[in-house]
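Chemist: My structure is in my_file_2.cif, and what it holds is mmCIF, C-alpha atoms:
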```
data_start
loop_
_atom_site.group_PDB
_atom_site.id
_atom_site.type_symbol
_atom_site.label_atom_id
_atom_site.label_comp_id
_atom_site.auth_asym_id
_atom_site.auth_seq_id
_atom_site.Cartn_x
_atom_site.Cartn_y
_atom_site.Cartn_z
ATOM 1 C CA MET A 6 0.000 0.000 0.000
ATOM 2 C CA ASN A 7 1.346 3.386 -0.989
ATOM 3 C CA THR A 8 1.493 5.521 2.167
ATOM 4 C CA ALA A 9 1.713 8.647 0.055
ATOM 5 C CA ASN A 10 -1.800 8.021 -1.263
ATOM 6 C CA PRO A 11 -4.034 10.755 0.261
ATOM 7 C CA VAL A 12 -7.040 8.419 0.424
ATOM 8 C CA TYR A 13 -5.033 5.856 2.383
ATOM 9 C CA ARG A 14 -3.664 8.492 4.752
ATOM 10 C CA ARG A 15 -7.135 9.894 5.355
ATOM 11 C CA ARG A 16 -8.546 6.454 6.112
ATOM 12 C CA LEU A 17 -5.583 5.639 8.372
ATOM 13 C CA LEU A 18 -6.109 8.889 10.276
ATOM 14 C CA SER A 19 -9.829 8.138 10.679
ATOM 15 C CA HIS A 20 -8.976 4.643 11.881
ATOM 16 C CA ARG A 21 -6.527 5.916 14.480
ATOM 17 C CA ILE A 22 -8.950 8.586 15.688
ATOM 18 C CA GLY A 23 -11.693 5.978 16.039
ATOM 19 C CA ILE A 24 -9.414 3.623 17.992
ATOM 20 C CA ALA A 25 -8.264 6.463 20.246
ATOM 21 C CA LEU A 26 -11.842 7.572 20.978
ATOM 22 C CA SER A 27 -12.836 3.975 21.719
ATOM 23 C CA VAL A 28 -9.953 3.554 24.166
ATOM 24 C CA ILE A 29 -10.793 6.870 25.855
ATOM 25 C CA ALA A 30 -14.471 5.905 26.169
ATOM 26 C CA MET A 31 -13.510 2.519 27.616
ATOM 27 C CA GLY A 32 -11.136 4.180 30.068
ATOM 28 C CA ILE A 33 -13.815 6.618 31.248
ATOM 29 C CA GLY A 34 -16.299 3.780 31.756
ATOM 30 C CA LEU A 35 -13.768 1.671 33.676
ATOM 31 C CA ALA A 36 -12.764 4.671 35.786
ATOM 32 C CA PHE A 37 -16.356 5.308 36.871
ATOM 33 C CA LEU A 38 -16.847 1.592 37.538
ATOM 34 C CA ALA A 39 -13.699 1.468 39.672
ATOM 35 C CA TRP A 40 -14.853 4.607 41.505
ATOM 36 C CA ILE A 41 -18.240 3.063 42.291
ATOM 37 C CA LEU A 42 -16.721 -0.237 43.442
ATOM 38 C CA TRP A 43 -14.117 1.524 45.579
ATOM 39 C CA THR A 44 -16.745 3.710 47.266
ATOM 40 C CA LEU A 45 -18.879 0.633 47.863
ATOM 41 C CA LEU A 46 -15.944 -1.278 49.346
ATOM 42 C CA VAL A 47 -14.852 1.584 51.604
ATOM 43 C CA ASN A 48 -18.335 2.185 52.993
ATOM 44 C CA GLY A 49 -19.664 -1.363 52.923
ATOM 45 C CA PHE A 50 -16.700 -3.335 54.206
ATOM 46 C CA SER A 51 -16.960 -1.739 57.662
ATOM 47 C CA ALA A 52 -20.530 -3.063 57.949
ATOM 48 C CA LEU A 53 -19.484 -6.660 57.287
ATOM 49 C CA ALA A 54 -19.703 -8.457 60.631
ATOM 50 C CA PRO A 55 -21.320 -11.651 61.980
ATOM 51 C CA SER A 56 -24.214 -9.543 63.284
ATOM 52 C CA LEU A 57 -25.031 -8.531 59.707
ATOM 53 C CA PHE A 58 -26.052 -12.138 58.990
ATOM 54 C CA THR A 59 -27.445 -13.073 62.415
ATOM 55 C CA GLY A 60 -29.403 -9.979 63.454
ATOM 56 C CA ASP A 61 -32.647 -8.624 62.080
ATOM 57 C CA THR A 62 -33.258 -5.068 60.918
ATOM 58 C CA PRO A 63 -33.343 -2.712 63.921
ATOM 59 C CA ALA A 64 -36.155 -0.422 64.999
ATOM 60 C CA PRO A 65 -35.889 3.326 64.269
ATOM 61 C CA GLY A 66 -33.199 4.784 66.502
ATOM 62 C CA GLY A 67 -32.109 1.341 67.698
ATOM 63 C CA GLU A 68 -28.485 0.266 67.711
ATOM 64 C CA GLY A 69 -26.956 -2.861 66.214
ATOM 65 C CA GLY A 70 -29.059 -5.225 64.191
ATOM 66 C CA GLY A 71 -28.419 -6.876 60.867
ATOM 67 C CA LEU A 72 -29.990 -7.982 57.617
ATOM 68 C CA ARG A 73 -30.841 -11.621 58.348
ATOM 69 C CA ASN A 74 -34.554 -11.216 57.653
ATOM 70 C CA ALA A 75 -33.876 -9.258 54.455
ATOM 71 C CA ILE A 76 -31.341 -11.807 53.199
ATOM 72 C CA VAL A 77 -33.671 -14.726 53.892
ATOM 73 C CA GLY A 78 -36.623 -12.922 52.287
ATOM 74 C CA SER A 79 -34.626 -12.139 49.152
ATOM 75 C CA LEU A 80 -33.363 -15.715 48.888
ATOM 76 C CA MET A 81 -36.907 -17.057 49.205
ATOM 77 C CA MET A 82 -38.396 -14.804 46.530
ATOM 78 C CA VAL A 83 -35.467 -15.014 44.110
ATOM 79 C CA GLY A 84 -35.182 -18.778 44.586
ATOM 80 C CA LEU A 85 -38.887 -19.412 43.992
ATOM 81 C CA SER A 86 -38.865 -17.062 41.025
ATOM 82 C CA THR A 87 -35.926 -18.960 39.508
ATOM 83 C CA LEU A 88 -37.669 -22.310 40.029
ATOM 84 C CA VAL A 89 -40.765 -21.028 38.231
ATOM 85 C CA SER A 90 -39.137 -18.997 35.448
ATOM 86 C CA THR A 91 -36.495 -21.562 34.432
ATOM 87 C CA PRO A 92 -38.762 -24.351 33.074
ATOM 88 C CA ILE A 93 -41.242 -21.851 31.599
ATOM 89 C CA GLY A 94 -38.498 -19.860 29.888
ATOM 90 C CA ILE A 95 -36.639 -22.906 28.544
ATOM 91 C CA LEU A 96 -39.784 -24.561 27.177
ATOM 92 C CA ALA A 97 -40.946 -21.304 25.605
ATOM 93 C CA GLY A 98 -37.508 -20.820 24.055
ATOM 94 C CA ILE A 99 -37.620 -24.344 22.614
ATOM 95 C CA TYR A 100 -41.051 -23.635 21.131
ATOM 96 C CA LEU A 101 -39.837 -20.402 19.518
ATOM 97 C CA ALA A 102 -36.754 -22.096 18.081
ATOM 98 C CA GLU A 103 -38.773 -24.991 16.672
ATOM 99 C CA TYR A 104 -41.990 -23.313 15.543
ATOM 100 C CA GLY A 105 -41.531 -19.560 16.058
ATOM 101 C CA ASP A 106 -40.945 -18.813 12.386
ATOM 102 C CA ARG A 107 -43.778 -20.994 11.120
ATOM 103 C CA ASN A 108 -46.887 -19.544 12.743
ATOM 104 C CA ARG A 109 -48.247 -16.216 13.886
ATOM 105 C CA PHE A 110 -48.492 -17.264 17.534
ATOM 106 C CA GLY A 111 -44.755 -17.833 17.690
ATOM 107 C CA GLN A 112 -44.056 -14.453 16.079
ATOM 108 C CA ILE A 113 -46.382 -12.722 18.538
ATOM 109 C CA THR A 114 -44.711 -14.543 21.431
ATOM 110 C CA ARG A 115 -41.267 -13.399 20.308
ATOM 111 C CA PHE A 116 -42.547 -9.825 19.893
ATOM 112 C CA VAL A 117 -44.088 -9.798 23.392
ATOM 113 C CA THR A 118 -40.891 -11.272 24.819
ATOM 114 C CA ASP A 119 -38.852 -8.451 23.293
ATOM 115 C CA ILE A 120 -41.252 -5.901 24.775
ATOM 116 C CA MET A 121 -41.010 -7.514 28.210
ATOM 117 C CA LEU A 122 -37.221 -7.406 28.031
ATOM 118 C CA SER A 123 -37.272 -3.631 27.615
ATOM 119 C CA ALA A 124 -40.212 -2.902 29.917
ATOM 120 C CA PRO A 125 -39.315 -0.870 33.035
ATOM 121 C CA SER A 126 -39.444 -3.027 36.145
ATOM 122 C CA ILE A 127 -41.622 -0.490 37.951
ATOM 123 C CA VAL A 128 -44.317 -1.008 35.307
ATOM 124 C CA ILE A 129 -44.244 -4.747 35.991
ATOM 125 C CA GLY A 130 -44.527 -4.017 39.699
ATOM 126 C CA LEU A 131 -47.578 -1.813 39.135
ATOM 127 C CA PHE A 132 -49.105 -4.500 36.920
ATOM 128 C CA VAL A 133 -48.741 -7.163 39.623
ATOM 129 C CA TYR A 134 -50.037 -4.708 42.224
ATOM 130 C CA ALA A 135 -53.201 -4.066 40.221
ATOM 131 C CA LEU A 136 -53.672 -7.698 39.234
ATOM 132 C CA TYR A 137 -52.836 -9.453 42.501
ATOM 133 C CA VAL A 138 -52.087 -7.199 45.491
ATOM 134 C CA ALA A 139 -55.171 -5.014 45.050
ATOM 135 C CA LYS A 140 -57.363 -8.118 44.750
ATOM 136 C CA VAL A 141 -56.094 -9.875 47.893
ATOM 137 C CA GLN A 142 -55.689 -6.506 49.675
ATOM 138 C CA HIS A 143 -52.280 -7.158 51.197
ATOM 139 C CA PHE A 144 -48.637 -7.254 50.163
ATOM 140 C CA SER A 145 -46.902 -10.616 50.091
ATOM 141 C CA GLY A 146 -43.818 -12.534 49.108
ATOM 142 C CA TYR A 147 -45.871 -14.364 46.492
ATOM 143 C CA ALA A 148 -46.659 -11.061 44.787
ATOM 144 C CA GLY A 149 -42.952 -10.207 44.775
ATOM 145 C CA THR A 150 -42.187 -13.620 43.303
ATOM 146 C CA ILE A 151 -44.709 -13.068 40.509
ATOM 147 C CA ALA A 152 -43.133 -9.710 39.640
ATOM 148 C CA LEU A 153 -39.604 -11.139 39.625
ATOM 149 C CA THR A 154 -40.753 -14.099 37.540
ATOM 150 C CA LEU A 155 -42.217 -11.779 34.906
ATOM 151 C CA ILE A 156 -38.820 -10.081 34.706
ATOM 152 C CA ALA A 157 -36.797 -13.318 34.568
ATOM 153 C CA VAL A 158 -38.879 -15.306 32.072
ATOM 154 C CA PRO A 159 -38.168 -13.099 28.992
ATOM 155 C CA VAL A 160 -34.417 -13.260 29.677
ATOM 156 C CA VAL A 161 -34.448 -17.058 29.792
ATOM 157 C CA VAL A 162 -36.743 -17.297 26.750
ATOM 158 C CA ARG A 163 -34.604 -15.033 24.568
ATOM 159 C CA THR A 164 -31.328 -16.645 25.613
ATOM 160 C CA THR A 165 -32.650 -20.167 25.038
ATOM 161 C CA ASP A 166 -34.094 -19.207 21.648
ATOM 162 C CA ASN A 167 -30.843 -17.590 20.502
ATOM 163 C CA MET A 168 -28.675 -20.458 21.713
ATOM 164 C CA LEU A 169 -30.826 -23.141 20.069
ATOM 165 C CA ARG A 170 -30.477 -21.323 16.749
ATOM 166 C CA LEU A 171 -26.720 -21.863 16.921
ATOM 167 C CA VAL A 172 -27.119 -25.632 16.546
ATOM 168 C CA PRO A 173 -26.067 -26.638 12.986
ATOM 169 C CA ASN A 174 -28.792 -28.006 10.711
ATOM 170 C CA SER A 175 -26.549 -30.944 9.844
ATOM 171 C CA LEU A 176 -26.748 -32.193 13.432
ATOM 172 C CA LEU A 177 -30.544 -31.954 13.425
ATOM 173 C CA GLU A 178 -30.818 -33.622 10.014
ATOM 174 C CA ALA A 179 -28.657 -36.497 11.234
ATOM 175 C CA ALA A 180 -30.978 -37.025 14.199
ATOM 176 C CA PHE A 181 -34.065 -36.905 11.978
ATOM 177 C CA ALA A 182 -32.423 -39.353 9.563
ATOM 178 C CA LEU A 183 -32.132 -41.867 12.411
ATOM 179 C CA GLY A 184 -35.895 -41.713 12.858
ATOM 180 C CA ALA A 185 -35.997 -39.625 16.056
ATOM 181 C CA PRO A 186 -39.266 -37.707 16.564
ATOM 182 C CA ARG A 187 -39.178 -33.932 16.607
ATOM 183 C CA TRP A 188 -39.719 -33.568 20.366
ATOM 184 C CA LYS A 189 -36.856 -35.942 21.100
ATOM 185 C CA VAL A 190 -34.540 -34.097 18.716
ATOM 186 C CA ALA A 191 -35.433 -30.786 20.385
ATOM 187 C CA MET A 192 -34.960 -32.039 23.950
ATOM 188 C CA LEU A 193 -32.158 -34.606 23.665
ATOM 189 C CA VAL A 194 -30.110 -33.281 20.751
ATOM 190 C CA ARG A 195 -30.685 -29.588 20.212
ATOM 191 C CA LEU A 196 -31.052 -28.551 23.850
ATOM 192 C CA ARG A 197 -28.203 -30.751 25.023
ATOM 193 C CA ALA A 198 -25.861 -29.196 22.466
ATOM 194 C CA VAL A 199 -26.337 -25.732 23.977
ATOM 195 C CA LYS A 200 -27.037 -26.564 27.631
ATOM 196 C CA ALA A 201 -24.146 -24.382 28.820
ATOM 197 C CA GLY A 202 -25.597 -21.363 27.012
ATOM 198 C CA VAL A 203 -29.040 -22.032 28.463
ATOM 199 C CA ILE A 204 -27.572 -22.200 31.979
ATOM 200 C CA THR A 205 -25.864 -18.889 31.253
ATOM 201 C CA GLY A 206 -29.241 -17.362 30.435
ATOM 202 C CA VAL A 207 -30.684 -18.617 33.721
ATOM 203 C CA LEU A 208 -27.762 -17.143 35.656
ATOM 204 C CA LEU A 209 -28.120 -13.800 33.872
ATOM 205 C CA ALA A 210 -31.835 -13.742 34.716
ATOM 206 C CA LEU A 211 -30.976 -14.569 38.336
ATOM 207 C CA ALA A 212 -28.430 -11.742 38.427
ATOM 208 C CA ARG A 213 -30.964 -9.287 37.040
ATOM 209 C CA ILE A 214 -33.753 -9.988 39.516
ATOM 210 C CA SER A 215 -31.401 -10.108 42.526
ATOM 211 C CA GLY A 216 -31.176 -6.327 42.706
ATOM 212 C CA GLU A 217 -34.638 -5.263 41.564
ATOM 213 C CA THR A 218 -36.207 -2.745 43.937
ATOM 214 C CA ALA A 219 -39.105 -1.014 42.174
ATOM 215 C CA PRO A 220 -41.339 -4.071 41.609
ATOM 216 C CA LEU A 221 -40.876 -5.207 45.219
ATOM 217 C CA LEU A 222 -42.016 -1.839 46.575
ATOM 218 C CA PHE A 223 -45.453 -2.518 45.057
ATOM 219 C CA THR A 224 -45.642 -6.229 45.831
ATOM 220 C CA ALA A 225 -43.617 -7.619 48.767
ATOM 221 C CA LEU A 226 -43.057 -4.225 50.420
ATOM 222 C CA ASN A 227 -40.997 -4.922 53.571
ATOM 223 C CA ASN A 228 -41.080 -6.436 57.041
ATOM 224 C CA GLN A 229 -38.989 -5.273 59.964
ATOM 225 C CA PHE A 230 -39.183 -8.655 61.662
ATOM 226 C CA PHE A 231 -38.038 -12.100 60.600
ATOM 227 C CA SER A 232 -40.742 -13.965 58.698
ATOM 228 C CA ALA A 233 -40.874 -16.962 56.400
ATOM 229 C CA ASP A 234 -44.535 -16.454 55.529
ATOM 230 C CA MET A 235 -44.706 -15.873 51.776
ATOM 231 C CA ASN A 236 -48.334 -14.789 52.070
ATOM 232 C CA ALA A 237 -47.422 -11.695 54.109
ATOM 233 C CA PRO A 238 -45.162 -8.648 53.610
ATOM 234 C CA LEU A 239 -41.620 -9.957 53.354
ATOM 235 C CA ALA A 240 -38.302 -8.257 54.035
ATOM 236 C CA ASN A 241 -35.857 -8.116 51.124
ATOM 237 C CA LEU A 242 -32.450 -6.594 50.543
ATOM 238 C CA PRO A 243 -33.241 -4.119 47.726
ATOM 239 C CA VAL A 244 -36.092 -2.414 49.589
ATOM 240 C CA VAL A 245 -34.152 -2.382 52.876
ATOM 241 C CA ILE A 246 -31.185 -0.773 51.103
ATOM 242 C CA TYR A 247 -33.478 1.814 49.504
ATOM 243 C CA THR A 248 -35.151 2.640 52.832
ATOM 244 C CA TYR A 249 -32.065 2.651 55.031
ATOM 245 C CA ALA A 250 -29.892 4.625 52.614
ATOM 246 C CA MET A 251 -32.213 7.629 52.943
ATOM 247 C CA SER A 252 -32.676 7.363 56.714
ATOM 248 C CA PRO A 253 -31.220 9.891 59.220
ATOM 249 C CA TYR A 254 -29.646 7.116 61.351
ATOM 250 C CA ASP A 255 -25.968 6.287 60.918
ATOM 251 C CA ASP A 256 -26.514 2.624 61.846
ATOM 252 C CA TRP A 257 -29.180 2.262 59.181
ATOM 253 C CA ARG A 258 -26.998 3.852 56.517
ATOM 254 C CA SER A 259 -24.152 1.516 57.496
ATOM 255 C CA LEU A 260 -26.468 -1.472 57.076
ATOM 256 C CA ALA A 261 -27.546 -0.097 53.690
ATOM 257 C CA TRP A 262 -23.906 0.009 52.540
ATOM 258 C CA GLY A 263 -23.389 -3.548 53.773
ATOM 259 C CA GLY A 264 -26.490 -4.762 51.948
ATOM 260 C CA ALA A 265 -25.438 -2.944 48.771
ATOM 261 C CA LEU A 266 -22.056 -4.647 48.966
ATOM 262 C CA LEU A 267 -23.701 -8.067 49.309
ATOM 263 C CA VAL A 268 -26.036 -7.491 46.339
ATOM 264 C CA THR A 269 -23.269 -6.063 44.143
ATOM 265 C CA PHE A 270 -20.854 -8.911 44.724
ATOM 266 C CA THR A 271 -23.615 -11.498 44.320
ATOM 267 C CA VAL A 272 -24.518 -10.049 40.927
ATOM 268 C CA LEU A 273 -20.829 -9.745 40.007
ATOM 269 C CA PHE A 274 -20.212 -13.381 40.975
ATOM 270 C CA LEU A 275 -23.179 -14.605 38.916
ATOM 271 C CA ASN A 276 -22.044 -12.631 35.860
ATOM 272 C CA ILE A 277 -18.477 -13.906 36.137
ATOM 273 C CA LEU A 278 -19.765 -17.450 36.609
ATOM 274 C CA SER A 279 -21.986 -17.192 33.535
ATOM 275 C CA ARG A 280 -19.171 -15.812 31.367
ATOM 276 C CA THR A 281 -16.428 -18.216 32.454
ATOM 277 C CA VAL A 282 -17.619 -21.574 33.746
ATOM 278 C CA PHE A 283 -20.656 -21.784 31.459
ATOM 279 C CA THR A 284 -19.261 -20.051 28.388
ATOM 280 C CA GLN A 285 -21.032 -21.513 25.327
ATOM 281 C CA LYS A 286 -19.205 -21.901 22.075
ATOM 282 C CA THR A 287 -20.905 -22.295 18.750
ATOM 283 C CA PRO A 288 -21.636 -25.999 18.180
ATOM 284 C CA ARG A 289 -19.806 -27.610 15.276
#
```
Please express the file's structure as structure tokens.

Modeler:
Amino acid sequence: MNTANPVYRRRLLSHRIGIALSVIAMGIGLAFLAWILWTLLVNGFSALAPSLFTGDTPAPGGEGGGLRNAIVGSLMMVGLSTLVSTPIGILAGIYLAEYGDRNRFGQITRFVTDIMLSAPSIVIGLFVYALYVAKVQHFSGYAGTIALTLIAVPVVVRTTDNMLRLVPNSLLEAAFALGAPRWKVAMLVRLRAVKAGVITGVLLALARISGETAPLLFTALNNQFFSADMNAPLANLPVVIYTYAMSPYDDWRSLAWGGALLVTFTVLFLNILSRTVFTQKTPR
């Protein structure tokens, strides 16, 4: 290539400017991320103590306490939501991959799934409030589970659908040539080929719902005391963090930083796990 060519020099300059701007943008993003994580570590690490996991949320003006009830409440709702959303999302993703392009129902399902993926979580919370909470006339852990499930299902559906489309047609044709029925090919051949990618989708959905606050404000609300009753208001980490962070009590704000640290590192761990241990390569 002739470096004296003005067209080449102009394109090379544009290329270098683009690379430089990309590196600068990446550096700014990483700097803000490091700033946020450092602030979270500085303020949240001091709150990490055995009492954080053994004590319940304190009364206004009270000293000590912990987040045991909030941690247990979050685990119950997130765990039940994952148990419900995983089979529904995987089966719906299989249906879209197998029949989604062949009928209008599948196309509508994919369109609604895309809308649900981009829907604000507070809208989902209001929907569950109007549909369930207002009917039974009390907040509950079940209502929070419904809201979190509605957020998690589209993530699992879309991930499963996209991963199943990576399976080569030659592999499917070989299974059909052996006389396997369509349902067996979908479940035992196609799904098995991309099981790591499907697990990644479940983990990403779990990471997303772990820190959701807005839908829980309208559904599970909160509970100052320890409770395992899913049919009553249930304590949870996101709402406790939201409430305590704006309180005038130093102990409450310290607990909010500790809870924020727990949620952040839980989400970070799930994302790292999904991108390393369960990394899915394109089937060959």

Chemist: Compile the contact shell of A:Tyr147 as a PyMOL selection string: residues with an atom at most 7 Å away, counting only C-alpha atoms, same-chain residues fewer than 3 positions apart removed.

Modeler: chain A and resi 150-151+235-236

Chemist: Would you write out, as a CSV table (one decimal) with C-alpha atoms, keeping the file's coordinate frame, every residue that the PyMOL selection byres ((chain A and resi 153-155) around 6) captures in this file?

Modeler:
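Okay, this is what ended up in selection.csv:
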```
chain,number,residue,atom,x,y,z
A,86,SER,CA,-38.9,-17.1,41.0
A,90,SER,CA,-39.1,-19.0,35.4
A,150,THR,CA,-42.2,-13.6,43.3
A,151,ILE,CA,-44.7,-13.1,40.5
A,152,ALA,CA,-43.1,-9.7,39.6
A,156,ILE,CA,-38.8,-10.1,34.7
A,157,ALA,CA,-36.8,-13.3,34.6
A,158,VAL,CA,-38.9,-15.3,32.1
A,214,ILE,CA,-33.8,-10.0,39.5
```

Chemist: Find the nearest atom pair between each residue of stretch 159-277 of chain A and stretch 95-113 of chain A for residues within 10 Å, count all atoms listed in the file, give distances in Å to one decimal, sort rows by chain and ascending number, and present the table as a Markdown table.

Modeler:
```
| residue | atom | partner | partner_atom | distance |
| --- | --- | --- | --- | --- |
| A:Pro159 | CA | A:Gly98 | CA | 9.2 |
| A:Val160 | CA | A:Gly98 | CA | 9.9 |
| A:Val161 | CA | A:Ile95 | CA | 6.4 |
| A:Val162 | CA | A:Gly98 | CA | 4.5 |
| A:Arg163 | CA | A:Gly98 | CA | 6.5 |
| A:Thr164 | CA | A:Gly98 | CA | 7.6 |
| A:Thr165 | CA | A:Gly98 | CA | 5.0 |
| A:Asp166 | CA | A:Gly98 | CA | 4.5 |
| A:Asn167 | CA | A:Ala102 | CA | 7.8 |
| A:Met168 | CA | A:Ala102 | CA | 9.0 |
| A:Leu169 | CA | A:Ala102 | CA | 6.3 |
| A:Arg170 | CA | A:Ala102 | CA | 6.5 |
| A:Arg187 | CA | A:Glu103 | CA | 9.0 |
| A:Trp188 | CA | A:Glu103 | CA | 9.4 |
| A:Ala191 | CA | A:Ile99 | CA | 7.2 |
| A:Met192 | CA | A:Ile99 | CA | 8.3 |
| A:Arg195 | CA | A:Ile99 | CA | 9.0 |
| A:Leu196 | CA | A:Ile99 | CA | 7.9 |
| A:Val203 | CA | A:Ile95 | CA | 7.6 |
| A:Ile204 | CA | A:Ile95 | CA | 9.7 |
| A:Gly206 | CA | A:Ile95 | CA | 9.4 |
| A:Val207 | CA | A:Ile95 | CA | 9.0 |
```

Chemist: So which residues are close to (-37.7, 0.6, 39.9), meaning at most 7 Å away in the file's coordinates with all atoms listed in the file counted, and can you show them as a PyMOL selection string?

Modeler: chain A and resi 126-127+217-220

Chemist: Starting from the point (-44.0, -19.1, 52.6), work out which residues of protein, DNA or RNA have an atom no more than 12 Å away when counting all atoms listed in the file; state them as a ChimeraX atom specification.

Modeler: /A:77-78,80-82,84-85,145-150,232-239

Chemist: Can you write just those residues out, C-alpha atoms, as a PDB file, keeping the file's coordinate frame?

Modeler:
```pdb
ATOM      1  CA  VAL A  77     -33.671 -14.726  53.892  1.00  0.00           C
ATOM      2  CA  GLY A  78     -36.623 -12.922  52.287  1.00  0.00           C
ATOM      3  CA  LEU A  80     -33.363 -15.715  48.888  1.00  0.00           C
ATOM      4  CA  MET A  81     -36.907 -17.057  49.205  1.00  0.00           C
ATOM      5  CA  MET A  82     -38.396 -14.804  46.530  1.00  0.00           C
ATOM      6  CA  GLY A  84     -35.182 -18.778  44.586  1.00  0.00           C
ATOM      7  CA  LEU A  85     -38.887 -19.412  43.992  1.00  0.00           C
ATOM      8  CA  SER A 145     -46.902 -10.616  50.091  1.00  0.00           C
ATOM      9  CA  GLY A 146     -43.818 -12.534  49.108  1.00  0.00           C
ATOM     10  CA  TYR A 147     -45.871 -14.364  46.492  1.00  0.00           C
ATOM     11  CA  ALA A 148     -46.659 -11.061  44.787  1.00  0.00           C
ATOM     12  CA  GLY A 149     -42.952 -10.207  44.775  1.00  0.00           C
ATOM     13  CA  THR A 150     -42.187 -13.620  43.303  1.00  0.00           C
ATOM     14  CA  SER A 232     -40.742 -13.965  58.698  1.00  0.00           C
ATOM     15  CA  ALA A 233     -40.874 -16.962  56.400  1.00  0.00           C
ATOM     16  CA  ASP A 234     -44.535 -16.454  55.529  1.00  0.00           C
ATOM     17  CA  MET A 235     -44.706 -15.873  51.776  1.00  0.00           C
ATOM     18  CA  ASN A 236     -48.334 -14.789  52.070  1.00  0.00           C
ATOM     19  CA  ALA A 237     -47.422 -11.695  54.109  1.00  0.00           C
ATOM     20  CA  PRO A 238     -45.162  -8.648  53.610  1.00  0.00           C
ATOM     21  CA  LEU A 239     -41.620  -9.957  53.354  1.00  0.00           C
TER      22      LEU A 239
END
```

Chemist: Per residue of stretch 27-141 of chain A within 10 Å of stretch 265-279 of chain A, which atom pair is closest and at what distance in Å (one decimal), using all atoms listed in the file, listed by chain and increasing number, as JSON lines?

Modeler:
```
{"residue": "A:Leu42", "atom": "CA", "partner": "A:Thr269", "partner_atom": "CA", "distance": 8.8}
{"residue": "A:Leu45", "atom": "CA", "partner": "A:Leu266", "partner_atom": "CA", "distance": 6.3}
{"residue": "A:Leu46", "atom": "CA", "partner": "A:Leu266", "partner_atom": "CA", "distance": 7.0}
{"residue": "A:Val47", "atom": "CA", "partner": "A:Leu266", "partner_atom": "CA", "distance": 9.9}
{"residue": "A:Asn48", "atom": "CA", "partner": "A:Leu266", "partner_atom": "CA", "distance": 8.8}
{"residue": "A:Gly49", "atom": "CA", "partner": "A:Leu266", "partner_atom": "CA", "distance": 5.7}
{"residue": "A:Phe50", "atom": "CA", "partner": "A:Leu266", "partner_atom": "CA", "distance": 7.6}
{"residue": "A:Ala52", "atom": "CA", "partner": "A:Leu266", "partner_atom": "CA", "distance": 9.2}
{"residue": "A:Leu53", "atom": "CA", "partner": "A:Leu266", "partner_atom": "CA", "distance": 8.9}
{"residue": "A:Ile76", "atom": "CA", "partner": "A:Leu267", "partner_atom": "CA", "distance": 9.4}
```

Chemist: Which is closer to A:Trp257 than all the others in A:Ala39, A:Pro186, A:Val245, A:Phe116, using all atoms listed in the file?

Modeler: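 The shortest atom-to-atom distance to A:Trp257 comes from A:Val245.
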
Chemist: One number please: atom CA of A:Val12 to atom CA of A:Met31, in Å, one decimal.

Modeler: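 Atom CA of A:Val12 sits 28.6 Å away from atom CA of A:Met31.
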
Chemist: Record the distance separating atom CA of A:Pro125 and atom CA of A:Leu88, expressed in Å with one decimal.

Modeler: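 Result for atom CA of A:Pro125 versus atom CA of A:Leu88: 22.6 Å, one decimal.
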
Chemist: Specify the axis-aligned box that encloses all atoms of stretch 53-62 of chain A listed in the file after padding of 8 Å on each side, stating its centre and edge lengths in Å to one decimal as AutoDock Vina command-line options.

Modeler:
```
--center_x -26.4 --center_y -9.1 --center_z 60.4 --size_x 29.8 --size_y 24.0 --size_z 22.2
```

Chemist: Atom CA of A:Ile246 and atom CA of A:Gly264 are how many Å apart?

Modeler: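 Here the two named atoms are 6.2 Å from each other.
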
Chemist: Taking into account all atoms listed in the file, which residue in the set A:Thr44, A:Thr281, A:Thr118, A:Thr205 is nearest to A:Thr91?

Modeler: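 Between A:Thr44, A:Thr281, A:Thr118, A:Thr205, the residue approaching A:Thr91 most closely is A:Thr205.
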
Chemist: Report as a list in words all protein, DNA and RNA residues lying within 12 Å of A:Ala135, evaluated on all atoms listed in the file, omitting residues in the same chain fewer than 3 positions from it.

Modeler: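 Residues meeting the cut-off are Val128, Ile129, Gly130, Leu131, Phe132, Val138, Ala139, Lys140, Val141, Gln142, His143, Phe144, Ala148, Ala152, Pro220, Phe223 and Thr224 of chain A.
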